[in-house]
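Structure record follows, encoded as C-alpha cells.
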Amino acid sequence: MKRTIVLSILCALLVQGTSFAQRIKGSDTLLPLTQELAEQYLENKPDAEVIVTGGGSGVGIAALPENTTDIAMASRRIKFSEKMKFAGIGLDAREVIVAYDALAVVVNPTNPVDSLTREQLEAIFRGKITNWKDVGGEDRKIVVYSRETSSGTYEFFKESVLDNKNYMSSILSMPATGAIIQSVRQTKGAIGYIGLAYLNRYVKPVSVSYDGGLHYAAPSVETAADGSYPIVRPLYYYYNAEKEAEVSPFISYVLSPEGQASVLEQGFIPVSMEEDRSGSEQNSEKHL
Amino acid sequence: MKKFLEKSVRWILTASGFVTSVVILLIIGFLFTEGAGLFGEPVIEDGYVLAVNKENPVSRLSAEEIKAVFDEDITNWKDLGGNDMPVRTFRLEDADDYFTEEQLGSQYEHAGEAIAGLVASDPGMVAFVPGTMIPDGAGIKLIEDKNISPGEVLGGKEWFPTATPAPLFGVLPLLAGTVWVSLFAILFALPFGISIAVYMSEVASERVRGILKPIIELLNGIPSVVYGFFGLIVIVPMLQQVFGLPVGESGLAGSLVLAIMALPTIVTVAEDAMRNCPRTLREASLALGATKWQTIYKVVIPSSMSGIASGVVLGIGRAVGETMAVLMVTGNAAVIPGSILEPLRTIPATIAAELGEAPAGGAHYQSLFLLGVILFFITFIINMCVEYISSRNRAKNR
C-alpha cells in the first residue's frame, strides 16, 4: 500500500516535470464550468495537465502578475487599479470572453409580485422602497439579500441594476449563492439575486424590464441569448500575452463549438449566441 | 553525561520559549503595521481623482459627501457649500453616453482631453477619472484629497469598503455587532455551562457522567461551518416564527449558535476545576453540618473560581473570534443594531468574507487588518478583566 502511494507520487512528479501544467484560478462562478471543460479537454489530450482552482475573481487576477496562475477566470471586467498594477510590471494581459451569465432576481414562491422594472429594483436594493405593497404586492416588509462584497456577482449587479450606486447599508449579505436560495426560500418578504444556473423550484424568478415597464422578460437561457433579458454579464479569461502559446490550445477548445456546447449545458450562455444579438461590434479577444 | 543532557534540555526549553514569544510579537507587529497603514491611504480610490469645473467654489469633500453625491442623494451643490446648481456626476462608464467612439479614439487616447473639456464646459459636473488621464490646466480643478483619518474610521457609522469613488471604513456597526453577539452568547452559555458542570461534577452518578462527558466533548469536534448550517436551517426559521420577525437572520440566531459552540469549552474546564476541589474542603464543610447544596455553593464553586473563570475566557474567546457560523446566520448587515432581533455584522465575519477579494496592500486590505487589531484589543481587555477577577478571588480564598 505504502509503496503504491510512493510510486504514484513519483509518477505525478515525473509527469509534472515533463509536460506543461496549465494552472487556472479565479472566479467561483466560472469554477464548475471550467472544471467540466478541463475534463473534456483532457479526454482528448491525455498527456496535458490542467489544474483549476477557485477563490474569486480578484484572487485570480492578483495571481496573474505573481505568476501563480496561467489563466485568471473573472466574472467581472478587470479593474483600473489592477490594470495599473499590470502596467507597472510590464505585464501585457489579454482578455477573452468565454461565456455569458444571466442573473435572476428571485423572490419567495408565495410572493404575488412577478415583474419589476430596473428602477423599482434599484429603489428596493438601495432601501428607497421598503414595502412590497409599493410595487403591487402584499403589505409586507421587503427583506433584501445580497452577496458579499468579495463576489463578482455583487459588483455586476451593482453596475447593471443599481447604476453604480451603493446598496443600502442594512442589506443582508450572504456568503454564498446557496445561502441566498435557502434564505429566500424560508423568508416570505425576501428578494435576492442568483446566477441563472442556480435557479430551482424553491425560489421564484421575477421578470425584469429595463425600458420602464414596456417589455418584461423572464430569465432563461433563450431570453438572455436573444437579448430580451437585460441582466447579462460576460465571463472572462485573462492571460499573460507572453504565455499565449501555452494557453491557447485550451482557450481555443473552450471557444470551439464542442466547448461552447458544454457552456450551454452548464446553464450559461455561449459566446456565439450572444454575439448574434450584438452583431459583430463586440470582438471576443482584444488588447487591454 | 547526565549533566550534559540536563543542560541541553534546559537550553532547548529556553530556546523554544524565546522563539515562540518572538513569533507572537512578530505577528502582532505585522498586524499593527498593516492596520496602521490604512491611515496613510487617500480618501479617494488610489490612482483616481475627482475633477470639477474651475468656477466651482467647493474644493474639499468628505468621504460621506462623495458617496452621497455619486449615489444621487445630494443633488445640489449648495448642500455642499457651493453655488445653487444641480450636481451632475461622471464616471468612466458613462463615457459612451457623452462621446462617440471617434472622439475617444480607438485606444481611448483622446478620452482625457474629451472628459476635461466636458468638465470645463459644465459648471455642475464632477468627474471621477484616473489621475493619469487628466491633462494639466484646461479649466478644471481637482478636489483636494487627504489621508483617511482615525476619527472617520473609529467613529464612522458606515461600512462601504468597496464603494467608489471613496470607500467608507466606519467600524462602529461592526464593533457594535461583535459586542452584542458575544455578550448575548455568554449570557446564554454561562448559566447553562456552569449548571451542567455542577451537575456533572457533584450530582450525576459515575455512569451518567461517563455517558454525558464524551457527548459534550464531542460537540467541540464539530466543525463550525456545520453549526452555521444548522443555525441557518433550524434556528433561523424557528426564531422567525417564534418572534414573528420579517427576517430570521439576526443577532439572536448568532448568539444562540455561539452559545452552543462555547458550551463544551466552559463545561469541560469548569467541571475539571470543580472535581479538583480538595476532598478535605468538602469533608470539612459537610462535617460542620452544611448540606450538599450549601457545600457546592459556598465551598466548591468559590474554591474553583479561577478554573471556572478560565473556562469562561476560553468560551468568550471562541465566541468573539468565531467567523463561519456567525457569517451564515447573522445576516451580515453593516448597521448598528437597535435590538438583538435585528441582523448585524461582526468583525471576524467581515474579515473572513472580505479578505479573499481585497487587493493586497490596498486600503480595503489594510482596513481588515485594522479590524484584526480591534479584535485583538477586545480579547486582550476580556483576558485582563478575568485575570483580575480570578486573582482577587485567589486572594480572598487564602
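Each chain of the C-alpha cells is named A, B, ... in the order shown, its residues numbered from 1; ligands are numbered from 1 in display order.
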
Using only C-alpha atoms, I'd like a table of the residues in chain A that come within 8 Å of chain B; for each, show the closest atom pair and its distance in Å rounded to one decimal, ordered by chain and ascending number, as JSON lines.
```
{"residue": "A:Gly55", "atom": "CA", "partner": "B:Gly356", "partner_atom": "CA", "distance": 7.1}
{"residue": "A:Gly56", "atom": "CA", "partner": "B:Glu357", "partner_atom": "CA", "distance": 6.6}
{"residue": "A:Ser57", "atom": "CA", "partner": "B:Glu357", "partner_atom": "CA", "distance": 7.5}
{"residue": "A:Gly58", "atom": "CA", "partner": "B:Glu357", "partner_atom": "CA", "distance": 5.2}
{"residue": "A:Val59", "atom": "CA", "partner": "B:Glu357", "partner_atom": "CA", "distance": 6.0}
{"residue": "A:Ala62", "atom": "CA", "partner": "B:Pro359", "partner_atom": "CA", "distance": 7.2}
{"residue": "A:Ser81", "atom": "CA", "partner": "B:Gly47", "partner_atom": "CA", "distance": 7.0}
{"residue": "A:Lys141", "atom": "CA", "partner": "B:Pro246", "partner_atom": "CA", "distance": 6.7}
{"residue": "A:Val143", "atom": "CA", "partner": "B:Val247", "partner_atom": "CA", "distance": 6.7}
{"residue": "A:Glu148", "atom": "CA", "partner": "B:Ala353", "partner_atom": "CA", "distance": 6.7}
{"residue": "A:Thr149", "atom": "CA", "partner": "B:Glu354", "partner_atom": "CA", "distance": 6.6}
{"residue": "A:Ser150", "atom": "CA", "partner": "B:Glu357", "partner_atom": "CA", "distance": 4.9}
{"residue": "A:Ser151", "atom": "CA", "partner": "B:Glu357", "partner_atom": "CA", "distance": 7.7}
{"residue": "A:Asn164", "atom": "CA", "partner": "B:Asp71", "partner_atom": "CA", "distance": 7.9}
{"residue": "A:Lys165", "atom": "CA", "partner": "B:Asp71", "partner_atom": "CA", "distance": 4.8}
{"residue": "A:Asn166", "atom": "CA", "partner": "B:Asp71", "partner_atom": "CA", "distance": 6.4}
{"residue": "A:Ser169", "atom": "CA", "partner": "B:Ala334", "partner_atom": "CA", "distance": 5.8}
{"residue": "A:Ser170", "atom": "CA", "partner": "B:Ala333", "partner_atom": "CA", "distance": 4.8}
{"residue": "A:Ile171", "atom": "CA", "partner": "B:Ala333", "partner_atom": "CA", "distance": 5.2}
{"residue": "A:Leu172", "atom": "CA", "partner": "B:Ala333", "partner_atom": "CA", "distance": 4.7}
{"residue": "A:Ser173", "atom": "CA", "partner": "B:Asn332", "partner_atom": "CA", "distance": 5.3}
{"residue": "A:Met174", "atom": "CA", "partner": "B:Gly331", "partner_atom": "CA", "distance": 6.6}
{"residue": "A:Pro175", "atom": "CA", "partner": "B:Ala353", "partner_atom": "CA", "distance": 6.8}
{"residue": "A:Ala179", "atom": "CA", "partner": "B:Met328", "partner_atom": "CA", "distance": 7.5}
{"residue": "A:Gln182", "atom": "CA", "partner": "B:Ile233", "partner_atom": "CA", "distance": 7.8}
{"residue": "A:Gln186", "atom": "CA", "partner": "B:Pro237", "partner_atom": "CA", "distance": 6.8}
{"residue": "A:Thr187", "atom": "CA", "partner": "B:Val247", "partner_atom": "CA", "distance": 6.3}
{"residue": "A:Lys188", "atom": "CA", "partner": "B:Pro246", "partner_atom": "CA", "distance": 7.6}
{"residue": "A:Gly189", "atom": "CA", "partner": "B:Pro246", "partner_atom": "CA", "distance": 6.9}
```

Next, the residues of the selection above should be written as a short mmCIF file (atom, residue, chain, number, x, y, z; two decimals), in the first residue's frame with C-alpha atoms.
```cif
data_model
loop_
_atom_site.label_atom_id
_atom_site.label_comp_id
_atom_site.auth_asym_id
_atom_site.auth_seq_id
_atom_site.Cartn_x
_atom_site.Cartn_y
_atom_site.Cartn_z
CA GLY A 55 -11.09 31.79 -4.79
CA GLY A 56 -12.88 34.67 -6.51
CA SER A 57 -12.26 36.94 -9.47
CA GLY A 58 -9.92 39.25 -7.58
CA VAL A 59 -7.82 36.35 -6.32
CA ALA A 62 -4.00 39.08 -8.42
CA SER A 81 -6.31 49.64 -10.36
CA LYS A 141 -41.64 44.42 4.67
CA VAL A 143 -36.08 41.77 3.13
CA GLU A 148 -20.72 39.55 0.00
CA THR A 149 -18.62 42.41 -1.38
CA SER A 150 -15.94 39.92 -2.45
CA SER A 151 -18.23 38.43 -5.07
CA ASN A 164 -23.15 52.04 -9.92
CA LYS A 165 -24.82 53.42 -6.82
CA ASN A 166 -24.26 51.73 -3.47
CA SER A 169 -26.16 49.63 4.42
CA SER A 170 -28.78 47.42 6.09
CA ILE A 171 -28.70 44.89 3.25
CA LEU A 172 -28.26 41.26 4.34
CA SER A 173 -25.12 39.88 2.75
CA MET A 174 -24.78 36.14 2.40
CA PRO A 175 -21.53 34.27 1.88
CA ALA A 179 -27.33 30.63 1.37
CA GLN A 182 -32.08 28.98 1.42
CA GLN A 186 -37.75 30.48 4.07
CA THR A 187 -38.39 34.25 4.27
CA LYS A 188 -41.72 35.46 2.88
CA GLY A 189 -40.73 39.04 2.12
#
```

*asked:* So that I can check the surroundings of segment 225-233 of chain A, please list as a ChimeraX atom specification every protein, DNA and RNA residue that reaches within 7 Å of it, counting only C-alpha atoms and ignoring chain neighbours fewer than 2 positions away.
replied: /A:100-103,160,210,217-219,221-223,235,269,273-274,277

*Would you list the contacts of segment 198-208 of chain A as number ranges by chain, taking every protein, DNA or RNA residue within 6 Å and counting only C-alpha atoms, but skipping same-chain residues closer than 2 positions in sequence?*
A: 105-109, 114-117, 185, 195-196, 216-218

*segment 129-332 of chain B: residues DSSP assigns to strand (DSSP E or B), reported as a list in words*: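 Those in segment 129-332 of chain B that DSSP calls strand (DSSP E or B) are Val129, Pro130, Ile140, Lys141, Leu142, Glu144, Asn147, Trp159, Phe160, Leu168, Phe169 and Gly331 of chain B.
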
*Which residue, B:Val52, B:Ala111, B:Val320, B:Leu104, has the smallest gap to Phe184 of chain B when you use only C-alpha atoms?*
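Of B:Val52, B:Ala111, B:Val320, B:Leu104, the one nearest Phe184 of chain B, counting only C-alpha atoms, is B:Val320.
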
_If we count only C-alpha atoms and set the cut-off at 6 Å, which residues sit around segment 65-71 of chain A, ignoring sequence neighbours fewer than 3 positions away in its own chain? Please answer as a PyMOL selection string._
chain A and resi 23-24+238-239

_Gln366 of chain B environment, 7 Å, only C-alpha atoms, sequence neighbours closer than 2 positions dropped, as a PyMOL selection string_ = chain B and resi 34-35+37-38+361-364+368-370

Which residues are near Pro348 of chain B? Cut-off 7 Å, only C-alpha atoms, ignore same chain within fewer than 3 positions. Put them as a PDB file with N, CA and C atoms, in the first residue's frame.
```
ATOM      1  N   GLY B 321     -14.175  35.380  18.462  1.00  0.00           N
ATOM      2  CA  GLY B 321     -13.382  35.167  17.257  1.00  0.00           C
ATOM      3  C   GLY B 321     -14.031  34.286  16.222  1.00  0.00           C
ATOM      4  N   GLU B 322     -15.218  33.745  16.499  1.00  0.00           N
ATOM      5  CA  GLU B 322     -15.823  32.786  15.586  1.00  0.00           C
ATOM      6  C   GLU B 322     -16.266  33.473  14.288  1.00  0.00           C
ATOM      7  N   THR B 323     -15.947  32.855  13.149  1.00  0.00           N
ATOM      8  CA  THR B 323     -16.278  33.501  11.885  1.00  0.00           C
ATOM      9  C   THR B 323     -17.402  32.800  11.137  1.00  0.00           C
ATOM     10  N   ILE B 351     -13.946  40.053   8.271  1.00  0.00           N
ATOM     11  CA  ILE B 351     -12.595  39.719   7.808  1.00  0.00           C
ATOM     12  C   ILE B 351     -12.651  38.469   6.930  1.00  0.00           C
ATOM     13  N   ALA B 352     -13.366  37.451   7.399  1.00  0.00           N
ATOM     14  CA  ALA B 352     -13.418  36.195   6.653  1.00  0.00           C
ATOM     15  C   ALA B 352     -14.057  36.393   5.284  1.00  0.00           C
TER      16      ALA B 352
END
```

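Atom pair atom CA of Lys298 of chain B / atom CA of Ser285 of chain B: separated by 8.9 Å.
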
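Minimum distance to Ser256 of chain A across A:Gln35, A:Gly192, A:Ala99, A:Tyr154 (counting only C-alpha atoms) occurs at A:Ala99.
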
*Grab the atom CA of Ser255 of chain B to atom CA of Asp272 of chain B distance for me, in Å with one decimal place.*
25.3 Å

_Atomic distance atom CA of Thr268 of chain B - atom CA of Glu217 of chain B, expressed in Å with one decimal_ =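 Here the two named atoms are 7.3 Å from each other.
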
*For Ala127 of chain B, which residue out of B:Leu219, B:Ile143, B:Ala204, B:Ala51 is the nearest one, using only C-alpha atoms?*
B:Ala51
